[in-house]
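Source file query_0.txt; content: compact mmCIF, C-alpha atoms.
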```txt
# COMPACT_ATOMS: atom_id res chain seq x y z
CA MET A 279 0.00 0.00 0.00
CA ALA A 280 1.55 3.30 -1.12
CA LYS A 281 1.23 6.58 0.76
CA THR A 282 1.97 10.00 -0.66
CA ALA A 283 2.65 13.48 0.71
CA SER A 284 -0.07 14.93 -1.50
CA ASP A 285 -0.74 12.13 -3.97
CA LEU A 286 2.34 13.39 -5.80
CA LYS A 287 0.69 16.76 -6.39
CA ASN A 288 -2.51 15.19 -7.78
CA GLY A 289 -0.55 12.39 -9.41
CA ALA A 290 0.69 14.44 -12.33
CA GLY A 291 3.65 16.51 -13.30
CA ALA A 292 6.18 14.86 -10.97
CA ALA A 293 8.73 13.05 -13.09
CA LEU A 294 10.95 10.48 -11.47
CA ALA A 295 14.51 11.74 -11.87
CA LYS A 296 17.21 9.11 -12.13
CA ALA A 297 20.73 9.60 -10.88
CA LYS A 298 23.09 10.93 -13.53
CA PRO A 299 25.14 8.10 -15.06
CA SER A 300 28.92 8.14 -14.86
CA PRO A 301 30.51 9.99 -17.83
CA LYS A 302 31.61 7.80 -20.76
CA ALA A 303 34.77 7.94 -22.87
CA SER A 304 34.60 7.95 -26.67
CA ASP A 305 35.10 4.16 -26.71
CA GLY A 306 32.20 3.62 -24.32
CA ARG A 307 34.27 2.96 -21.19
CA THR A 308 33.13 4.53 -17.93
CA ILE A 309 35.33 7.43 -16.81
CA ARG A 310 36.05 6.98 -13.12
CA THR A 311 36.73 10.01 -10.96
CA PRO A 312 40.01 9.48 -9.09
CA LEU A 313 39.87 9.44 -5.30
CA THR A 314 41.63 12.32 -3.55
CA GLN A 315 42.44 10.13 -0.57
CA ASN A 316 43.63 6.54 -0.35
CA PRO A 317 41.19 4.74 2.01
CA HIS A 318 43.78 2.02 2.65
CA ALA A 319 46.70 4.34 3.41
CA ILE A 320 48.52 4.06 6.71
CA ARG A 321 49.62 7.30 8.32
CA ASP A 322 53.27 7.62 9.17
CA THR A 323 53.77 5.76 12.45
CA ARG A 324 56.30 8.45 13.39
CA GLU A 325 53.29 10.58 14.34
CA LYS A 326 53.45 8.71 17.64
CA VAL A 327 56.84 10.34 18.18
CA LEU A 328 56.54 13.54 20.20
CA GLU A 329 58.75 15.62 17.86
CA VAL A 330 56.62 14.68 14.84
CA ALA A 331 53.38 15.44 16.68
CA ILE A 332 54.68 18.87 17.72
CA GLY A 333 55.90 19.62 14.20
CA ARG A 334 52.51 18.81 12.67
CA GLU A 335 50.78 21.17 15.09
CA VAL A 336 53.25 24.01 14.52
CA ARG A 337 52.76 23.71 10.75
CA ALA A 338 48.97 23.51 11.09
CA PHE A 339 48.74 26.62 13.30
CA ARG A 340 51.11 28.53 11.00
CA LYS A 341 49.06 27.69 7.90
CA LYS A 342 45.85 28.56 9.70
CA LEU A 343 47.24 32.07 10.20
CA GLY A 344 48.28 32.19 6.55
CA ILE A 345 51.92 33.02 7.28
CA THR A 346 55.10 31.59 5.79
CA VAL A 347 57.97 29.90 7.59
CA ALA A 348 59.98 33.08 6.95
CA ASP A 349 57.28 35.17 8.64
CA LEU A 350 57.33 32.86 11.64
CA ALA A 351 61.12 33.00 11.76
CA VAL A 352 61.02 36.79 12.03
CA ALA A 353 58.27 36.72 14.68
CA THR A 354 60.06 34.18 16.86
CA ASP A 355 63.71 34.99 16.13
CA ILE A 356 64.20 31.31 15.26
CA SER A 357 66.21 30.45 12.14
CA LEU A 358 64.52 29.13 9.00
CA GLY A 359 66.57 25.96 9.24
CA MET A 360 65.51 25.28 12.81
CA LEU A 361 61.84 25.94 12.05
CA SER A 362 62.03 23.56 9.11
CA LYS A 363 63.49 20.87 11.35
CA ILE A 364 60.77 21.48 13.96
CA GLU A 365 57.91 21.29 11.46
CA ASN A 366 59.33 18.10 9.95
CA GLY A 367 59.79 16.46 13.34
CA ILE A 368 63.54 16.17 12.95
CA THR A 369 64.49 17.96 16.15
CA SER A 370 63.06 18.37 19.63
CA PRO A 371 62.36 22.05 20.40
CA SER A 372 63.28 23.42 23.81
CA LEU A 373 60.69 24.87 26.18
CA THR A 374 62.00 28.35 25.36
CA THR A 375 61.45 27.69 21.66
CA LEU A 376 57.95 26.35 22.29
CA GLN A 377 57.11 29.47 24.31
CA ALA A 378 58.29 31.69 21.44
CA LEU A 379 56.18 29.69 18.98
CA SER A 380 53.12 29.81 21.22
CA ARG A 381 53.32 33.61 21.51
CA ALA A 382 53.80 34.07 17.77
CA LEU A 383 51.01 31.65 16.82
CA GLY A 384 48.63 32.78 19.56
CA VAL A 385 48.10 29.35 21.10
CA PRO A 386 49.01 27.83 24.47
CA VAL A 387 52.14 25.69 24.66
CA THR A 388 49.94 22.68 25.48
CA ALA A 389 48.30 22.95 22.04
CA PHE A 390 51.47 21.58 20.44
CA PHE A 391 51.05 18.28 22.30
CA ARG A 392 47.43 17.72 21.29
CA ARG A 393 48.01 15.19 18.50
CA PHE A 394 50.48 13.22 20.60
CA GLU A 395 48.21 12.90 23.64
CA GLU A 396 44.75 12.75 22.12
CA GLU A 397 42.85 9.48 22.18
CA ARG A 398 41.11 8.38 18.96
CA SER A 399 37.54 7.31 19.70
CA ALA A 400 35.49 4.42 18.36
CA VAL A 401 31.89 3.41 19.04
CA PHE A 402 30.74 -0.22 18.78
CA VAL A 403 27.00 -0.95 18.76
CA LYS A 404 25.64 -4.50 18.95
CA ALA A 405 22.67 -5.40 16.76
CA GLY A 406 19.47 -3.95 18.18
CA GLU A 407 21.27 -1.85 20.78
CA GLY A 408 21.31 1.51 18.99
CA LEU A 409 19.91 4.51 20.83
CA ASP A 410 16.34 5.52 19.93
CA VAL A 411 16.34 9.28 19.48
CA GLU A 412 13.78 11.99 18.93
CA ARG A 413 14.10 13.84 15.63
CA ARG A 414 11.63 15.87 13.63
CA GLY A 415 10.37 12.86 11.67
CA THR A 416 9.67 10.89 14.87
CA ARG A 417 6.31 12.65 15.17
CA ALA A 418 5.28 11.05 11.88
CA GLY A 419 6.07 7.54 13.10
CA HIS A 420 9.61 7.40 11.70
CA GLN A 421 11.84 5.42 14.09
CA TYR A 422 15.39 6.80 14.37
CA ASN A 423 18.00 4.47 15.81
CA LEU A 424 21.34 6.22 16.36
CA LEU A 425 24.15 3.73 15.65
CA GLY A 426 26.99 5.78 17.10
CA HIS A 427 28.17 9.30 17.82
CA ILE A 428 31.56 10.92 18.35
CA GLY A 429 31.44 14.60 19.26
CA SER A 430 34.68 16.55 19.45
CA ASN A 431 37.30 14.96 17.19
CA THR A 432 40.37 15.80 15.12
CA SER A 433 38.57 15.73 11.75
CA GLY A 434 36.39 18.79 12.42
CA VAL A 435 33.38 16.84 11.11
CA VAL A 436 30.46 15.28 13.03
CA VAL A 437 28.95 12.11 11.57
CA GLU A 438 25.58 10.75 12.70
CA PRO A 439 24.66 7.27 11.41
CA TYR A 440 20.97 6.34 11.77
CA LEU A 441 18.94 3.23 11.05
CA ILE A 442 15.51 4.56 10.07
CA THR A 443 12.43 2.34 10.12
CA LEU A 444 9.04 3.19 8.62
CA THR A 445 5.96 0.98 9.01
CA GLU A 446 2.26 1.02 8.14
CA ASP A 447 1.81 3.42 11.06
CA SER A 448 4.23 5.94 9.55
CA ASP A 449 3.12 9.02 7.69
CA VAL A 450 4.92 10.84 4.93
CA PHE A 451 6.40 13.91 6.58
CA PRO A 452 7.12 17.36 5.11
CA THR A 453 10.64 17.61 3.74
CA PHE A 454 13.72 18.05 5.90
CA GLN A 455 16.42 20.66 5.37
CA HIS A 456 19.64 20.98 7.37
CA GLU A 457 23.33 21.73 7.07
CA GLY A 458 25.83 19.20 5.77
CA MET A 459 25.78 16.15 3.51
CA GLU A 460 23.66 13.00 3.78
CA PHE A 461 24.01 9.46 2.48
CA LEU A 462 21.11 6.99 2.26
CA TYR A 463 21.33 3.23 1.71
CA MET A 464 18.16 1.17 1.29
CA LEU A 465 18.00 -2.09 3.24
CA GLU A 466 14.35 -3.13 3.03
CA GLY A 467 11.15 -1.95 1.35
CA GLU A 468 10.78 0.67 -1.36
CA VAL A 469 10.43 4.45 -1.32
CA THR A 470 10.33 7.37 -3.69
CA TYR A 471 12.70 9.87 -2.10
CA ARG A 472 12.64 13.58 -2.84
CA HIS A 473 15.72 15.80 -3.07
CA GLY A 474 14.94 19.32 -4.20
CA SER A 475 12.73 19.03 -7.29
CA ASN A 476 13.91 15.49 -8.14
CA LEU A 477 12.34 12.16 -7.16
CA TYR A 478 14.34 8.96 -6.82
CA PRO A 479 12.68 5.50 -6.69
CA MET A 480 14.79 3.49 -4.25
CA LYS A 481 14.89 -0.27 -3.64
CA PRO A 482 17.16 -2.43 -1.44
CA GLY A 483 20.79 -1.86 -2.47
CA ASP A 484 20.14 1.61 -3.90
CA SER A 485 21.91 4.62 -2.41
CA LEU A 486 21.57 8.39 -2.57
CA PHE A 487 24.22 10.95 -1.60
CA PHE A 488 23.23 14.61 -1.48
CA ASP A 489 23.63 18.13 -0.14
CA ALA A 490 21.24 18.19 2.82
CA ASP A 491 20.64 21.94 2.51
CA ALA A 492 18.08 21.17 -0.23
CA PRO A 493 14.59 20.06 0.89
CA HIS A 494 14.56 16.25 1.09
CA GLY A 495 12.60 13.33 2.52
CA PRO A 496 10.43 10.29 1.73
CA GLU A 497 7.77 11.24 -0.81
CA VAL A 498 6.02 7.92 -1.46
CA LEU A 499 6.21 4.94 0.92
CA THR A 500 5.81 2.27 -1.74
CA VAL A 501 6.60 -1.01 0.04
CA LEU A 502 6.45 -1.28 3.84
CA PRO A 503 8.01 -1.98 6.27
CA MET A 504 10.99 0.03 5.09
CA ARG A 505 14.48 0.36 6.59
CA TYR A 506 17.39 2.43 5.39
CA LEU A 507 20.66 3.82 6.68
CA SER A 508 20.96 7.60 6.88
CA ILE A 509 24.44 8.99 7.49
CA ILE A 510 24.55 12.74 8.12
CA CYS A 511 27.80 14.73 8.14
CA TYR A 512 28.19 18.37 9.12
CA PRO A 513 30.91 20.73 10.42
CA GLN A 514 31.76 20.20 14.07
CA ASN A 515 31.20 23.84 14.99
CA SER A 516 27.65 23.99 13.60
CA ALA A 517 24.31 22.85 14.97
CA SER A 518 22.72 19.66 13.62
```
Go ahead and express the file in the form of structure tokens.
Amino acid sequence: MAKTASDLKNGAGAALAKAKPSPKASDGRTIRTPLTQNPHAIRDTREKVLEVAIGREVRAFRKKLGITVADLAVATDISLGMLSKIENGITSPSLTTLQALSRALGVPVTAFFRRFEEERSAVFVKAGEGLDVERRGTRAGHQYNLLGHIGSNTSGVVVEPYLITLTEDSDVFPTFQHEGMEFLYMLEGEVTYRHGSNLYPMKPGDSLFFDADAPHGPEVLTVLPMRYLSIICYPQNSAS
């Protein structure tokens, strides 16, 4: 039994938009966009070394201010060669040097040790043990099961993974709109999902990745019960 937000605006004029296919080369081969990051890469284990951790932070703070190594050398009265060695983790700076760097960069001395001391978090959730949360769609009978959450972290990005369940008791809800990006992956059932002015018919195995600032949400609940993963990402310093 299908449900609609408004019978698809009287059942007419709403075309189902399909995702754009990957671009093709002249010989018919699919052109694949290269990844900007290797998902299997291993970061230099030397980061666990204090000198390397300090060097990474000094470089990061300097670049955040938009100044060159030469500018920092003038501000701290530290030679270019020494600064280069510090940023590359080749030498261990003295406390006096760290104090000079902290004054020039406008950060406390302890900030240089952040990467060395900080714990990297992980959240493990057993099947069926996710946290039921209240979100805007909950009022329409949409069940949101939060599968994990890490707040403050080194990436500057907050990621919220949800398992969303809709049943015969669920209603189609007015569209959502929020900051960040969102990824959907259908597990069970079928839905026609709206993003902006486009409609996407989704079945198990289908996915949709989009800018969440555009109005979006389930438009037609075609086959129920329905379950899908919703992964929302947004800047750490913004509200969800």
Review point. A:Tyr440, A:Phe402, A:Tyr422, A:Tyr506: which is nearest Tyr471 (chain A), counting all atoms listed in the file?
Key: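 Distance minimum relative to Tyr471 (chain A) lands on A:Tyr506.
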Exercise for review: Kindly indicate which residue among A:Gly367, A:Phe339, A:Gly333, A:Ser433 lies nearest to Pro386 (chain A), using only C-alpha atoms for the distances.
Suggested key: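 Checking each of A:Gly367, A:Phe339, A:Gly333, A:Ser433 against Pro386 (chain A), counting only C-alpha atoms, the winner is A:Phe339.
You will find CA of Ala492 (chain A) at 8.1 Å from CA of Phe454 (chain A).
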**Study point:** Pairwise distance for CA of Asn515 (chain A) and CA of Gly434 (chain A), rounded to one decimal in Å
**Key:**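 Answer for the CA of Asn515 (chain A) to CA of Gly434 (chain A) separation: 7.7 Å.
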**Study point:** Near-His456 (chain A) list (10 Å; all atoms listed in the file; drop same-chain fewer than 3 positions) as JSON, numbers by chain
**Key:** {"A": [459, 460, 489, 490, 491, 492, 493, 494, 510, 512, 517, 518]}
Point to revise | Of the listed residues A:Ile368, A:Ala348, A:Met504, A:Leu379, that which approaches Thr470 (chain A) most closely, counting all atoms listed in the file | key: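 Of A:Ile368, A:Ala348, A:Met504, A:Leu379, the one nearest Thr470 (chain A) is A:Met504, counting all atoms listed in the file.
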Give me, as an mmCIF file with C-alpha atoms, keeping the file's coordinate frame, all polymer residues having an atom no more than 12 Å from Val352 (chain A), counting all atoms listed in the file and skipping those fewer than 5 positions away in the same chain.
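Below is the file that was written, result18.cif:
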```cif
data_model
loop_
_atom_site.group_PDB
_atom_site.id
_atom_site.type_symbol
_atom_site.label_atom_id
_atom_site.label_comp_id
_atom_site.auth_asym_id
_atom_site.auth_seq_id
_atom_site.Cartn_x
_atom_site.Cartn_y
_atom_site.Cartn_z
ATOM 1 C CA ILE A 345 51.920 33.020 7.280
ATOM 2 C CA THR A 346 55.100 31.590 5.790
ATOM 3 C CA VAL A 347 57.970 29.900 7.590
ATOM 4 C CA SER A 357 66.210 30.450 12.140
ATOM 5 C CA LEU A 358 64.520 29.130 9.000
ATOM 6 C CA LEU A 361 61.840 25.940 12.050
ATOM 7 C CA ALA A 378 58.290 31.690 21.440
ATOM 8 C CA LEU A 379 56.180 29.690 18.980
ATOM 9 C CA ALA A 382 53.800 34.070 17.770
#
```
Review point. Could you pull the residues within 9 Å of Val437 (chain A), counting all atoms listed in the file, minus those fewer than 3 positions along the same chain, as a ChimeraX atom specification?
Key: /A:426-429,509-514
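Shortest atom-to-atom contact with Leu462 (chain A) among A:Ala351, A:Ile356, A:Ala338, A:Leu441: A:Leu441, counting only C-alpha atoms.
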Point to revise | Distance in Å - CA of Val436 (chain A) versus CA of Lys342 (chain A) | key: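 Between these atoms lies a distance of 20.6 Å.
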Please list as a PDB file with C-alpha atoms, keeping the file's coordinate frame every residue within 12 Å of Ser380 (chain A), counting only C-alpha atoms and excluding residues in the same chain fewer than 3 positions away.
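Done, and the output landed in out.pdb:
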```
ATOM      1  CA  ILE A 332      54.680  18.870  17.720  1.00  0.00           C
ATOM      2  CA  GLU A 335      50.780  21.170  15.090  1.00  0.00           C
ATOM      3  CA  VAL A 336      53.250  24.010  14.520  1.00  0.00           C
ATOM      4  CA  PHE A 339      48.740  26.620  13.300  1.00  0.00           C
ATOM      5  CA  ARG A 340      51.110  28.530  11.000  1.00  0.00           C
ATOM      6  CA  LEU A 350      57.330  32.860  11.640  1.00  0.00           C
ATOM      7  CA  ALA A 353      58.270  36.720  14.680  1.00  0.00           C
ATOM      8  CA  THR A 354      60.060  34.180  16.860  1.00  0.00           C
ATOM      9  CA  LEU A 373      60.690  24.870  26.180  1.00  0.00           C
ATOM     10  CA  THR A 374      62.000  28.350  25.360  1.00  0.00           C
ATOM     11  CA  THR A 375      61.450  27.690  21.660  1.00  0.00           C
ATOM     12  CA  LEU A 376      57.950  26.350  22.290  1.00  0.00           C
ATOM     13  CA  GLN A 377      57.110  29.470  24.310  1.00  0.00           C
ATOM     14  CA  LEU A 383      51.010  31.650  16.820  1.00  0.00           C
ATOM     15  CA  GLY A 384      48.630  32.780  19.560  1.00  0.00           C
ATOM     16  CA  VAL A 385      48.100  29.350  21.100  1.00  0.00           C
ATOM     17  CA  PRO A 386      49.010  27.830  24.470  1.00  0.00           C
ATOM     18  CA  VAL A 387      52.140  25.690  24.660  1.00  0.00           C
ATOM     19  CA  THR A 388      49.940  22.680  25.480  1.00  0.00           C
ATOM     20  CA  ALA A 389      48.300  22.950  22.040  1.00  0.00           C
ATOM     21  CA  PHE A 390      51.470  21.580  20.440  1.00  0.00           C
ATOM     22  CA  PHE A 391      51.050  18.280  22.300  1.00  0.00           C
TER      23      PHE A 391
END
```
**Study point:** Closest of A:His420, A:Leu502, A:Leu425, A:His473 to Glu407 (chain A) - atom-to-atom distances counting only C-alpha atoms
**Key:** A:Leu425
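Residues surrounding Glu468 (chain A) within 9 Å are A:Pro479, A:Met480, A:Lys481, A:Pro482, A:Val498, A:Leu499, A:Thr500, A:Val501, A:Leu502, A:Pro503, A:Met504, A:Arg505 [only C-alpha atoms; sequence separation below 5 positions excluded].
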